[in-house]
Amino acid sequence: IAEYKWTFWDGNLKELFGVAPIYDFQNQSDFPILLTITDNDGGTDTSTTWVNITWLYPIADAGVSQEGLKWYYTLDGSGSSDPDGVVLNYTWNFNYDGTPTEIYLTYPMFNFIILGDYEITLTIRDDSGLTDTSTTWVNITNADPIADAGIDITGKRLITFDGSGTTDVDGTIAEYKWTFSDDGTPVTIYGIAPTYDFFISQSPITVTLTVTDDEGGTDTDTMEVTLVFVSPVADAGASQGTNKGEYTLDGSGSYDPDGSIADWTWTFTYLGHSETLNGVSPSFDFLEEIATEITLVVTDDDGRTDTSTTWVTITFKDPVADFFQSPDDTNKGIKTLDASPSTDVDGYIVNWHWSFNYEGTDYNYYTEQISFAFTEQGIYTITLTVEDNDGRTDVTHGIVEIISKDPISIIDGNITTVLMFNNIDFSGFESYDEDGDIVLYTWNFTYGGEEYVFYGGNFTYRFSDVEGNVTLYLTVTDDDGKTNTDSITFEVQNPNRLLVDILLLLIPLIIILLMAMFIISYMKQNIDDEG
């Protein structure tokens, strides 16, 4: 069979070729298909088949109904399908807080923060434009808050209540209401952590916390207040230190169970001098290597005191020497050694000392960054010593490795044939050395049983004795003594032999031409005789 041609009508005449062609039918219909085959002798035959295109409706699946507290809910339309294509669009519709709402995607997420039962309709549309719908429900309920009036409080006069432990898993607390009796008088105060001043000593006092959430749900909890008079509690904070510098003392952990701290006084001896600081968090510059005990005395609003101690211990730290090389490779050339990564956690670097031996000579430099030309192959150990402003030092070592690259030998041109008795020029000037210079070009070849050697970037030679193949070698040597060799092979031909070969090829052509001229002359003579 030389050709398969399929012919049918789909809005206009369609022709397909091949044993099993593919066609994308976009219209719903019955299509008669005519197959015409032609064999390699031009004979043909036809046959008809039918393609029936029918669109199927998609099947919507809005997923299972959901119920719970106010939160984000994910609608799931992944169960939807299209028997004869793909679902192109998912549209979810429902009424939320009196407003028609429409969202898209297979798995849309929506934050339901209003109580209610929501009927949600999913409409899907397939690639044929057909649609289907399905419904599901989301039922949002409210969880009552959980009141937490806090722990029982023992104190004097000014009492701060704490309702911060109250929770509402699906909303917020709209109101905190505290109720109790103060010497027979009903008292109501509001807020998450209100303060009340009890003027009269009375114990115990039952306090009721009633909380209301943003949906009107309520809960209650109680705690007790016992009024006593006690001394303050001093807390000088954790011991500090290591690096020199400014340190902030922290007396914020001090407290007065029945009132407030009126004064914080810090005393210590520093370098033989008595120092006094005031306030809850004063600061002081500790710049010497020393361990200092610090005493905090707190005084409350009743004049009672308490004492606590802490320590500041300063230990000087050594610097850390570090450096990097740029460029970080093994090529010959100028290398920059940079000590900027060196650090000193409790000060700064004041001196840098580089030392290394290069080609038998010791080198020393005293700057943060140096540049040096490494032009000889080798492994060089670099020593960096840094000194900080406290006179402390650190040493690190690194290497600079230089590896000389081989030169590249290249015989210029693409010589395959040379003729005897002619001067032939050979050049190797396209050869190169990436990290230096080529200092020697050595050419050698064997011709007529003898070996020839030439030097230089190019040379000229006349082949005049023997025909045949010759292999020419070019070896280049760079300024590091490294070598590389390139070679070409060409044929030496005798131009006189080529002329003889050409003449031998032309003799048959001349004979044929003479014979043709004789035949034409003979035929012309016969024509003239008959005329």
# chains A, B, ... in the order shown; residues from 1 in each chain; ligands from 1
call {"tool": "residues_around", "arguments": {"residues": "Tyr107 (chain A)", "least_positions_apart": "3", "cutoff": "7 Å", "atoms": "only C-alpha atoms", "output": "ChimeraX atom specification"}}
result
/A:74-77
call {"tool": "write_last_selection", "arguments": {"atoms": "C-alpha atoms", "output": "PDB file, in the first residue's frame"}}
result
ATOM      1  CA  THR A  74     -11.835  23.504  53.397  1.00  0.00           C
ATOM      2  CA  LEU A  75     -14.484  22.572  50.851  1.00  0.00           C
ATOM      3  CA  ASP A  76     -13.632  19.461  48.859  1.00  0.00           C
ATOM      4  CA  GLY A  77     -14.785  19.066  45.263  1.00  0.00           C
TER       5      GLY A  77
END
call {"tool": "residues_around", "arguments": {"residues": "region 124-140 of chain A", "least_positions_apart": "3", "cutoff": "10 Å", "atoms": "only C-alpha atoms", "output": "NGL selection string"}}
result
:A and (26-28 or 55-71 or 73 or 75-77 or 80-94 or 104 or 106 or 112-121 or 143)
call {"tool": "residues_around", "arguments": {"residues": "Asp256 (chain A)", "least_positions_apart": "4", "cutoff": "9 Å", "atoms": "only C-alpha atoms", "output": "list of chain:residue names"}}
result
A:Gly155, A:Val230, A:Ser231, A:Pro232, A:Val233, A:Ala234, A:Ser260, A:Ile261, A:Thr299, A:Asp300, A:Asp301
call {"tool": "write_last_selection", "arguments": {"atoms": "N, CA, C and O atoms", "output": "mmCIF file, in the first residue's frame"}}
result
data_model
loop_
_atom_site.group_PDB
_atom_site.id
_atom_site.type_symbol
_atom_site.label_atom_id
_atom_site.label_comp_id
_atom_site.auth_asym_id
_atom_site.auth_seq_id
_atom_site.Cartn_x
_atom_site.Cartn_y
_atom_site.Cartn_z
ATOM 1 N N GLY A 155 -1.650 39.217 99.807
ATOM 2 C CA GLY A 155 -0.998 40.503 99.638
ATOM 3 C C GLY A 155 -1.552 41.554 100.577
ATOM 4 O O GLY A 155 -2.325 41.251 101.483
ATOM 5 N N VAL A 230 3.916 41.938 104.257
ATOM 6 C CA VAL A 230 5.164 41.192 104.194
ATOM 7 C C VAL A 230 6.270 42.068 103.608
ATOM 8 O O VAL A 230 6.009 43.120 103.013
ATOM 9 N N SER A 231 7.517 41.611 103.787
ATOM 10 C CA SER A 231 8.679 42.333 103.268
ATOM 11 C C SER A 231 8.818 42.076 101.757
ATOM 12 O O SER A 231 8.318 41.087 101.214
ATOM 13 N N PRO A 232 9.539 42.959 101.043
ATOM 14 C CA PRO A 232 9.782 42.747 99.613
ATOM 15 C C PRO A 232 10.760 41.585 99.410
ATOM 16 O O PRO A 232 11.403 41.121 100.358
ATOM 17 N N VAL A 233 10.900 41.154 98.161
ATOM 18 C CA VAL A 233 11.844 40.091 97.800
ATOM 19 C C VAL A 233 12.801 40.658 96.753
ATOM 20 O O VAL A 233 12.385 41.049 95.657
ATOM 21 N N ALA A 234 14.086 40.714 97.125
ATOM 22 C CA ALA A 234 15.098 41.238 96.202
ATOM 23 C C ALA A 234 15.581 40.129 95.270
ATOM 24 O O ALA A 234 15.746 38.977 95.685
ATOM 25 N N SER A 260 4.674 47.710 96.491
ATOM 26 C CA SER A 260 5.547 47.934 95.343
ATOM 27 C C SER A 260 6.941 48.286 95.818
ATOM 28 O O SER A 260 7.138 48.726 96.953
ATOM 29 N N ILE A 261 7.939 48.067 94.925
ATOM 30 C CA ILE A 261 9.321 48.426 95.235
ATOM 31 C C ILE A 261 9.482 49.927 95.006
ATOM 32 O O ILE A 261 9.180 50.441 93.929
ATOM 33 N N THR A 299 13.884 48.428 98.571
ATOM 34 C CA THR A 299 13.043 48.976 99.639
ATOM 35 C C THR A 299 11.633 49.123 99.093
ATOM 36 O O THR A 299 11.438 49.688 98.011
ATOM 37 N N ASP A 300 10.603 48.590 99.871
ATOM 38 C CA ASP A 300 9.232 48.678 99.369
ATOM 39 C C ASP A 300 8.557 49.947 99.886
ATOM 40 O O ASP A 300 9.163 50.774 100.576
ATOM 41 N N ASP A 301 7.259 50.098 99.529
ATOM 42 C CA ASP A 301 6.533 51.309 99.899
ATOM 43 C C ASP A 301 6.183 51.356 101.374
ATOM 44 O O ASP A 301 5.636 52.351 101.863
#
call {"tool": "atom_distance", "arguments": {"atom1": "CA of Ile511 (chain A)", "atom2": "CA of Asn494 (chain A)"}}
result
27.0 Å
call {"tool": "residues_around", "arguments": {"residues": "region 311-323 of chain A", "least_positions_apart": "6", "cutoff": "9 Å", "atoms": "only C-alpha atoms", "output": "PyMOL selection string"}}
result
chain A and resi 238-245+247+286-295+337-349+384-388+390-398
call {"tool": "closest_atom_pairs", "arguments": {"of": "region 119-172 of chain A", "to": "region 206-210 of chain A", "cutoff": "10 Å", "atoms": "only C-alpha atoms", "output": "JSON lines"}}
result
{"residue": "A:Pro145", "atom": "CA", "partner": "A:Thr210", "partner_atom": "CA", "distance": 9.9}
{"residue": "A:Ile146", "atom": "CA", "partner": "A:Thr210", "partner_atom": "CA", "distance": 9.6}
{"residue": "A:Ala147", "atom": "CA", "partner": "A:Thr210", "partner_atom": "CA", "distance": 6.9}
{"residue": "A:Asp148", "atom": "CA", "partner": "A:Leu209", "partner_atom": "CA", "distance": 7.5}
{"residue": "A:Ala149", "atom": "CA", "partner": "A:Leu209", "partner_atom": "CA", "distance": 5.7}
{"residue": "A:Gly150", "atom": "CA", "partner": "A:Leu209", "partner_atom": "CA", "distance": 9.4}
{"residue": "A:Asp152", "atom": "CA", "partner": "A:Thr206", "partner_atom": "CA", "distance": 9.3}
{"residue": "A:Phe161", "atom": "CA", "partner": "A:Val207", "partner_atom": "CA", "distance": 9.3}
{"residue": "A:Asp162", "atom": "CA", "partner": "A:Leu209", "partner_atom": "CA", "distance": 9.7}
{"residue": "A:Gly163", "atom": "CA", "partner": "A:Leu209", "partner_atom": "CA", "distance": 7.8}
{"residue": "A:Thr166", "atom": "CA", "partner": "A:Leu209", "partner_atom": "CA", "distance": 9.8}
call {"tool": "residues_around", "arguments": {"residues": "Asn422 (chain A)", "least_positions_apart": "4", "cutoff": "10 Å", "atoms": "only C-alpha atoms", "output": "ChimeraX atom specification"}}
result
/A:418,460-464,495
call {"tool": "write_last_selection", "arguments": {"atoms": "N, CA, C and O atoms", "output": "short mmCIF file (atom, residue, chain, number, x, y, z; two decimals), in the first residue's frame"}}
result
data_model
loop_
_atom_site.label_atom_id
_atom_site.label_comp_id
_atom_site.auth_asym_id
_atom_site.auth_seq_id
_atom_site.Cartn_x
_atom_site.Cartn_y
_atom_site.Cartn_z
N VAL A 418 51.40 17.79 0.11
CA VAL A 418 52.40 18.75 -0.33
C VAL A 418 53.05 18.22 -1.61
O VAL A 418 53.14 17.00 -1.84
N THR A 460 60.70 26.44 6.89
CA THR A 460 60.37 26.12 5.49
C THR A 460 61.23 24.95 5.04
O THR A 460 62.44 24.89 5.34
N TYR A 461 60.57 24.02 4.32
CA TYR A 461 61.30 22.83 3.87
C TYR A 461 60.82 22.45 2.46
O TYR A 461 59.63 22.59 2.15
N ARG A 462 61.79 21.96 1.62
CA ARG A 462 61.47 21.51 0.25
C ARG A 462 61.62 19.98 0.21
O ARG A 462 62.70 19.44 0.45
N PHE A 463 60.50 19.27 -0.07
CA PHE A 463 60.53 17.82 -0.22
C PHE A 463 60.86 17.50 -1.69
O PHE A 463 60.09 17.85 -2.60
N SER A 464 61.97 16.81 -1.95
CA SER A 464 62.40 16.66 -3.34
C SER A 464 62.95 15.27 -3.66
O SER A 464 63.57 15.08 -4.71
N PRO A 495 54.86 16.23 -8.59
CA PRO A 495 53.99 16.92 -9.54
C PRO A 495 54.15 16.39 -10.96
O PRO A 495 53.20 16.40 -11.75
#
call {"tool": "atom_distance", "arguments": {"atom1": "CA of Asn484 (chain A)", "atom2": "CA of Leu419 (chain A)"}}
result
28.5 Å
call {"tool": "closest_residue", "arguments": {"among": "A:Gly98, A:Gly259, A:Gly165, A:Gly272", "to": "Asp302 (chain A)", "atoms": "only C-alpha atoms"}}
result
A:Gly259
